[in-house]
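Content type mmCIF, C-alpha atoms and all ligand atoms, from the file upload_5.cif:
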data_work
#
loop_
_atom_site.group_PDB
_atom_site.id
_atom_site.type_symbol
_atom_site.label_atom_id
_atom_site.label_comp_id
_atom_site.auth_asym_id
_atom_site.auth_seq_id
_atom_site.Cartn_x
_atom_site.Cartn_y
_atom_site.Cartn_z
ATOM 1 C CA MET A 230 134.499 94.040 101.094
ATOM 2 C CA SER A 231 135.349 97.712 100.461
ATOM 3 C CA GLN A 232 138.822 99.180 100.141
ATOM 4 C CA SER A 233 138.396 100.871 103.500
ATOM 5 C CA ASP A 234 137.412 97.553 105.109
ATOM 6 C CA ILE A 235 140.503 95.960 103.618
ATOM 7 C CA ALA A 236 142.538 98.901 104.777
ATOM 8 C CA ASP A 237 141.051 98.585 108.271
ATOM 9 C CA ARG A 238 141.821 94.910 108.367
ATOM 10 C CA ASP A 239 145.339 95.487 107.126
ATOM 11 C CA GLY A 240 145.688 98.161 109.712
ATOM 12 C CA MET A 241 144.597 95.696 112.377
ATOM 13 C CA GLN A 242 147.021 93.115 111.209
ATOM 14 C CA ASN A 243 149.738 95.735 111.288
ATOM 15 C CA GLY A 244 148.453 96.768 114.667
ATOM 16 C CA GLN A 245 148.755 93.234 115.938
ATOM 17 C CA ALA A 246 152.318 93.151 114.822
ATOM 18 C CA GLN A 247 153.076 96.516 116.399
ATOM 19 C CA ASP A 248 150.887 96.518 119.507
ATOM 20 C CA GLY A 249 150.495 92.820 120.243
ATOM 21 C CA GLY A 250 148.512 91.273 123.113
ATOM 22 C CA GLU A 251 145.621 93.197 124.680
ATOM 23 C CA GLU A 252 145.354 95.981 122.091
ATOM 24 C CA SER A 253 145.067 93.609 119.139
ATOM 25 C CA THR A 254 142.474 91.523 120.993
ATOM 26 C CA ARG A 255 140.374 94.629 121.620
ATOM 27 C CA ARG A 256 140.580 95.639 117.944
ATOM 28 C CA ASP A 257 139.676 92.160 116.827
ATOM 29 C CA PHE A 258 136.600 92.316 119.019
ATOM 30 C CA ILE A 259 135.539 95.642 117.513
ATOM 31 C CA TYR A 260 136.006 94.253 114.025
ATOM 32 C CA ILE A 261 134.011 91.106 114.782
ATOM 33 C CA ALA A 262 131.259 93.080 116.519
ATOM 34 C CA THR A 263 130.987 95.450 113.537
ATOM 35 C CA ALA A 264 130.813 92.570 111.085
ATOM 36 C CA SER A 265 128.099 90.836 113.126
ATOM 37 C CA PHE A 266 126.018 93.980 113.354
ATOM 38 C CA GLY A 267 126.293 94.382 109.586
ATOM 39 C CA ALA A 268 124.975 90.867 109.050
ATOM 40 C CA VAL A 269 121.861 91.601 111.126
ATOM 41 C CA GLY A 270 121.249 94.737 109.067
ATOM 42 C CA VAL A 271 121.421 92.776 105.826
ATOM 43 C CA ALA A 272 118.848 90.242 107.042
ATOM 44 C CA GLY A 273 116.426 92.976 108.087
ATOM 45 C CA VAL A 274 116.268 94.614 104.672
ATOM 46 C CA ALA A 275 116.404 91.481 102.540
ATOM 47 C CA TRP A 276 113.059 91.892 100.775
ATOM 48 C CA PRO A 277 113.440 95.545 99.743
ATOM 49 C CA LEU A 278 116.925 94.896 98.342
ATOM 50 C CA ILE A 279 115.821 91.823 96.428
ATOM 51 C CA ASP A 280 112.869 93.786 95.128
ATOM 52 C CA GLN A 281 115.118 96.527 93.793
ATOM 53 C CA MET A 282 117.253 94.002 91.938
ATOM 54 C CA ASN A 283 114.263 92.843 89.918
ATOM 55 C CA PRO A 284 114.038 93.736 86.198
ATOM 56 C CA ASP A 285 112.688 97.147 85.173
ATOM 57 C CA ALA A 286 108.968 97.975 85.075
ATOM 58 C CA SER A 287 108.400 97.008 81.426
ATOM 59 C CA VAL A 288 109.694 93.482 82.088
ATOM 60 C CA ARG A 289 107.977 93.195 85.448
ATOM 61 C CA ALA A 290 104.634 94.163 83.913
ATOM 62 C CA LEU A 291 104.756 90.951 81.899
ATOM 63 C CA ALA A 292 105.515 88.744 84.831
ATOM 64 C CA ALA A 293 102.609 86.546 85.814
ATOM 65 C CA VAL A 294 102.434 83.139 87.396
ATOM 66 C CA GLU A 295 99.765 80.462 87.038
ATOM 67 C CA ILE A 296 99.112 78.237 90.004
ATOM 68 C CA ASP A 297 97.208 74.983 90.337
ATOM 69 C CA ILE A 298 95.362 75.182 93.658
ATOM 70 C CA SER A 299 93.488 71.885 93.346
ATOM 71 C CA ALA A 300 95.629 70.192 96.021
ATOM 72 C CA VAL A 301 95.175 72.922 98.640
ATOM 73 C CA GLU A 302 92.663 71.556 101.135
ATOM 74 C CA VAL A 303 90.355 73.629 103.312
ATOM 75 C CA GLY A 304 92.452 75.008 106.156
ATOM 76 C CA GLN A 305 95.698 74.805 104.184
ATOM 77 C CA SER A 306 97.856 77.526 102.668
ATOM 78 C CA ILE A 307 100.617 77.647 100.111
ATOM 79 C CA THR A 308 103.201 80.311 99.443
ATOM 80 C CA VAL A 309 104.266 81.034 95.885
ATOM 81 C CA LYS A 310 106.829 83.464 94.560
ATOM 82 C CA TRP A 311 105.632 86.254 92.304
ATOM 83 C CA ARG A 312 107.874 89.056 91.064
ATOM 84 C CA GLY A 313 110.338 88.167 93.791
ATOM 85 C CA LYS A 314 107.735 88.381 96.548
ATOM 86 C CA PRO A 315 105.997 85.690 98.596
ATOM 87 C CA VAL A 316 102.275 85.402 97.899
ATOM 88 C CA PHE A 317 100.045 83.557 100.356
ATOM 89 C CA ILE A 318 97.143 81.534 98.960
ATOM 90 C CA ARG A 319 94.858 80.381 101.746
ATOM 91 C CA HIS A 320 91.914 77.993 101.418
ATOM 92 C CA ARG A 321 89.850 79.462 104.222
ATOM 93 C CA THR A 322 87.642 77.556 106.626
ATOM 94 C CA GLU A 323 84.004 78.476 107.235
ATOM 95 C CA GLU A 324 85.013 79.937 110.601
ATOM 96 C CA GLU A 325 87.657 82.141 109.013
ATOM 97 C CA ILE A 326 85.223 83.404 106.393
ATOM 98 C CA THR A 327 82.494 84.090 108.964
ATOM 99 C CA SER A 328 84.925 85.915 111.234
ATOM 100 C CA ALA A 329 86.259 88.070 108.377
ATOM 101 C CA GLU A 330 82.770 88.945 107.116
ATOM 102 C CA ALA A 331 81.388 89.733 110.571
ATOM 103 C CA THR A 332 84.106 92.229 111.536
ATOM 104 C CA PRO A 333 82.750 95.805 111.626
ATOM 105 C CA LEU A 334 84.755 98.241 109.533
ATOM 106 C CA SER A 335 84.921 100.496 112.588
ATOM 107 C CA ASP A 336 87.216 97.912 114.229
ATOM 108 C CA LEU A 337 89.769 98.189 111.439
ATOM 109 C CA PRO A 338 92.774 100.566 111.359
ATOM 110 C CA ASP A 339 92.743 100.280 107.535
ATOM 111 C CA PRO A 340 89.008 99.822 106.864
ATOM 112 C CA GLN A 341 88.277 97.422 104.039
ATOM 113 C CA SER A 342 85.516 94.852 103.772
ATOM 114 C CA ASP A 343 86.400 91.195 103.352
ATOM 115 C CA GLU A 344 84.305 91.212 100.192
ATOM 116 C CA ALA A 345 86.558 93.861 98.662
ATOM 117 C CA ARG A 346 89.624 91.686 99.253
ATOM 118 C CA ILE A 347 88.495 88.387 97.768
ATOM 119 C CA GLN A 348 86.999 87.024 94.564
ATOM 120 C CA ARG A 349 85.721 83.798 96.092
ATOM 121 C CA PRO A 350 85.140 83.682 99.845
ATOM 122 C CA GLU A 351 87.017 80.416 100.328
ATOM 123 C CA TRP A 352 90.213 81.722 98.710
ATOM 124 C CA LEU A 353 92.394 84.490 100.088
ATOM 125 C CA VAL A 354 95.327 85.655 97.933
ATOM 126 C CA MET A 355 97.706 88.313 99.193
ATOM 127 C CA VAL A 356 101.327 89.429 99.212
ATOM 128 C CA GLY A 357 103.040 87.991 102.282
ATOM 129 C CA ILE A 358 105.030 91.052 103.242
ATOM 130 C CA CYS A 359 104.247 92.949 106.429
ATOM 131 C CA THR A 360 103.266 96.538 105.686
ATOM 132 C CA HIS A 361 105.365 97.814 108.587
ATOM 133 C CA LEU A 362 108.970 97.097 107.583
ATOM 134 C CA GLY A 363 108.726 94.177 105.220
ATOM 135 C CA CYS A 364 109.083 90.973 107.246
ATOM 136 C CA VAL A 365 107.183 87.844 106.231
ATOM 137 C CA PRO A 366 104.281 87.189 108.665
ATOM 138 C CA LEU A 367 103.513 83.727 110.051
ATOM 139 C CA GLY A 368 100.176 82.138 109.153
ATOM 140 C CA GLN A 369 97.413 81.179 111.558
ATOM 141 C CA ARG A 370 99.039 82.975 114.456
ATOM 142 C CA GLY A 371 98.288 86.050 116.474
ATOM 143 C CA ASP A 372 95.246 87.362 118.292
ATOM 144 C CA TYR A 373 92.914 87.246 115.286
ATOM 145 C CA GLY A 374 93.662 83.789 113.873
ATOM 146 C CA GLY A 375 95.181 85.211 110.703
ATOM 147 C CA TRP A 376 98.833 86.212 110.391
ATOM 148 C CA PHE A 377 101.342 87.461 112.918
ATOM 149 C CA CYS A 378 104.502 89.358 112.127
ATOM 150 C CA PRO A 379 107.169 88.401 114.673
ATOM 151 C CA CYS A 380 109.463 91.313 113.828
ATOM 152 C CA HIS A 381 107.535 93.954 115.792
ATOM 153 C CA GLY A 382 104.256 92.265 116.669
ATOM 154 C CA SER A 383 101.655 93.120 114.033
ATOM 155 C CA HIS A 384 98.475 91.021 114.047
ATOM 156 C CA TYR A 385 96.438 90.472 110.858
ATOM 157 C CA ASP A 386 93.003 88.846 110.724
ATOM 158 C CA THR A 387 91.607 86.057 108.542
ATOM 159 C CA SER A 388 91.214 88.543 105.708
ATOM 160 C CA GLY A 389 94.821 89.743 106.066
ATOM 161 C CA ARG A 390 93.703 93.082 107.520
ATOM 162 C CA ILE A 391 95.835 94.792 110.121
ATOM 163 C CA ARG A 392 94.181 94.664 113.545
ATOM 164 C CA LYS A 393 96.915 95.413 116.077
ATOM 165 C CA GLY A 394 100.568 96.476 116.094
ATOM 166 C CA PRO A 395 102.719 98.962 114.180
ATOM 167 C CA ALA A 396 101.835 97.939 110.598
ATOM 168 C CA PRO A 397 99.757 100.755 109.035
ATOM 169 C CA LEU A 398 98.000 98.855 106.240
ATOM 170 C CA ASN A 399 96.356 95.561 105.358
ATOM 171 C CA LEU A 400 98.397 92.929 103.545
ATOM 172 C CA GLU A 401 98.308 93.794 99.844
ATOM 173 C CA VAL A 402 96.021 91.865 97.514
ATOM 174 C CA PRO A 403 97.717 91.441 94.115
ATOM 175 C CA ASP A 404 95.935 91.430 90.762
ATOM 176 C CA TYR A 405 94.828 87.885 90.052
ATOM 177 C CA VAL A 406 92.150 85.999 88.176
ATOM 178 C CA PHE A 407 90.566 82.562 88.396
ATOM 179 C CA LEU A 408 91.267 80.799 85.095
ATOM 180 C CA THR A 409 89.246 77.780 86.230
ATOM 181 C CA ASP A 410 87.916 76.614 89.602
ATOM 182 C CA THR A 411 91.349 75.216 90.437
ATOM 183 C CA ARG A 412 93.751 77.491 88.615
ATOM 184 C CA ILE A 413 94.615 81.118 89.175
ATOM 185 C CA ARG A 414 96.921 83.566 87.493
ATOM 186 C CA ILE A 415 98.637 86.234 89.559
ATOM 187 C CA GLY A 416 99.847 89.344 87.783
HETATM 188 S S1 LIG A 501 107.925 94.336 109.972
HETATM 189 FE FE1 LIG A 501 106.095 93.386 110.645
HETATM 190 S S2 LIG A 501 105.647 94.373 112.521
HETATM 191 FE FE2 LIG A 501 107.445 95.356 111.832
#

Could you show the structure in this file as structure tokens?
Ligand code: FES
Amino acid sequence: MSQSDIADRDGMQNGQAQDGGEESTRRDFIYIATASFGAVGVAGVAWPLIDQMNPDASVRALAAVEIDISAVEVGQSITVKWRGKPVFIRHRTEEEITSAEATPLSDLPDPQSDEARIQRPEWLVMVGICTHLGCVPLGQRGDYGGWFCPCHGSHYDTSGRIRKGPAPLNLEVPDYVFLTDTRIRIG
């Protein structure tokens, strides 16, 4: 809490003592309303702030995670944390792969082939942060069977490409490599 907040609160308490009754109630309401609005603001920018608190670039460049994906069945996804961000790893179904591959680039706001976004068709790996304002999209939702961002209604397809809504870009694909058939390293 800042000095001015403390001062405001003290002022209110003094005000209660001096004004009493209706005036102090009104001030209390303004204080509570301001505090509540502030809390909403904090939630909305959570990812960018956390991201900025990460170590500097030289440390971050070293950060990689290895993940065992052997237990992820077809049709399942897991979310792992990498450099403070959620990363979605999806074991895609045949239908999801077919749909992603069959989509004409002309239908895409941010044209990119499915092939360019994957290393193995059955595995999709991407950063789970909406490219609009940074919310975390929900999997297997939305009009294209991929991901849906509930914050402002962006729809991503089964390749994580933006199809509808305010997000300007596809979900980001991080650098990663298959170490074995069941183990990947991100970063
Ligand atoms: S943050 Fe996802 S649509 Fe706005």

Query raised in the report: Taking (95.0, 78.0, 89.9) in the file's coordinates as the center, which residues reach within 10 Å of it, counting only C-alpha atoms, put as a list in words?
Result: Val294, Glu295, Ile296, Asp297, Ile298, Ser299, Ala300, Ile318, Tyr405, Val406, Phe407, Leu408, Thr409, Asp410, Thr411, Arg412, Ile413, Arg414 and Ile415 of chain A

Just to be explicit: take each residue in the selection above, keep C-alpha atoms, and write the result as a PDB file, in the frame of the given file.
ATOM      1  CA  VAL A 294     102.434  83.139  87.396  1.00  0.00           C
ATOM      2  CA  GLU A 295      99.765  80.462  87.038  1.00  0.00           C
ATOM      3  CA  ILE A 296      99.112  78.237  90.004  1.00  0.00           C
ATOM      4  CA  ASP A 297      97.208  74.983  90.337  1.00  0.00           C
ATOM      5  CA  ILE A 298      95.362  75.182  93.658  1.00  0.00           C
ATOM      6  CA  SER A 299      93.488  71.885  93.346  1.00  0.00           C
ATOM      7  CA  ALA A 300      95.629  70.192  96.021  1.00  0.00           C
ATOM      8  CA  ILE A 318      97.143  81.534  98.960  1.00  0.00           C
ATOM      9  CA  TYR A 405      94.828  87.885  90.052  1.00  0.00           C
ATOM     10  CA  VAL A 406      92.150  85.999  88.176  1.00  0.00           C
ATOM     11  CA  PHE A 407      90.566  82.562  88.396  1.00  0.00           C
ATOM     12  CA  LEU A 408      91.267  80.799  85.095  1.00  0.00           C
ATOM     13  CA  THR A 409      89.246  77.780  86.230  1.00  0.00           C
ATOM     14  CA  ASP A 410      87.916  76.614  89.602  1.00  0.00           C
ATOM     15  CA  THR A 411      91.349  75.216  90.437  1.00  0.00           C
ATOM     16  CA  ARG A 412      93.751  77.491  88.615  1.00  0.00           C
ATOM     17  CA  ILE A 413      94.615  81.118  89.175  1.00  0.00           C
ATOM     18  CA  ARG A 414      96.921  83.566  87.493  1.00  0.00           C
ATOM     19  CA  ILE A 415      98.637  86.234  89.559  1.00  0.00           C
TER      20      ILE A 415
END

Query raised in the report: Within 9 Å of ligand LIG 501 (chain A), counting only C-alpha atoms and all ligand atoms, which protein or nucleic acid residues do you find, written as a list in words?
Result: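 With only C-alpha atoms and all ligand atoms and a cut-off of 9 Å, ligand LIG 501 (chain A) is contacted by Gly273, Ile358, Cys359, Thr360, His361, Leu362, Gly363, Cys364, Val365, Pro366, Phe377, Cys378, Pro379, Cys380, His381, Gly382, Ser383, His384, Gly394, Pro395 and Ala396 of chain A.
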
Query raised in the report: Quick one: which residues end up in the PyMOL selection byres (((chain A and resi 385) around 10) and not hetatm) for this structure, as a VMD selection string?
Result: chain A and resid 359 366 to 378 382 to 384 386 to 394 396 398 to 400

Requested in this report: Using all atoms listed in the file, find the one residue out of A:Pro340, A:Gly357, A:Pro403, A:Gly304 that sits nearest to Gly416 (chain A).
Outcome: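 When distances to Gly416 (chain A) are compared using all atoms listed in the file, the smallest one comes from A:Pro403.
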
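For the pair CA of Ile307 (chain A) and CA of Glu323 (chain A), the separation is 18.1 Å.
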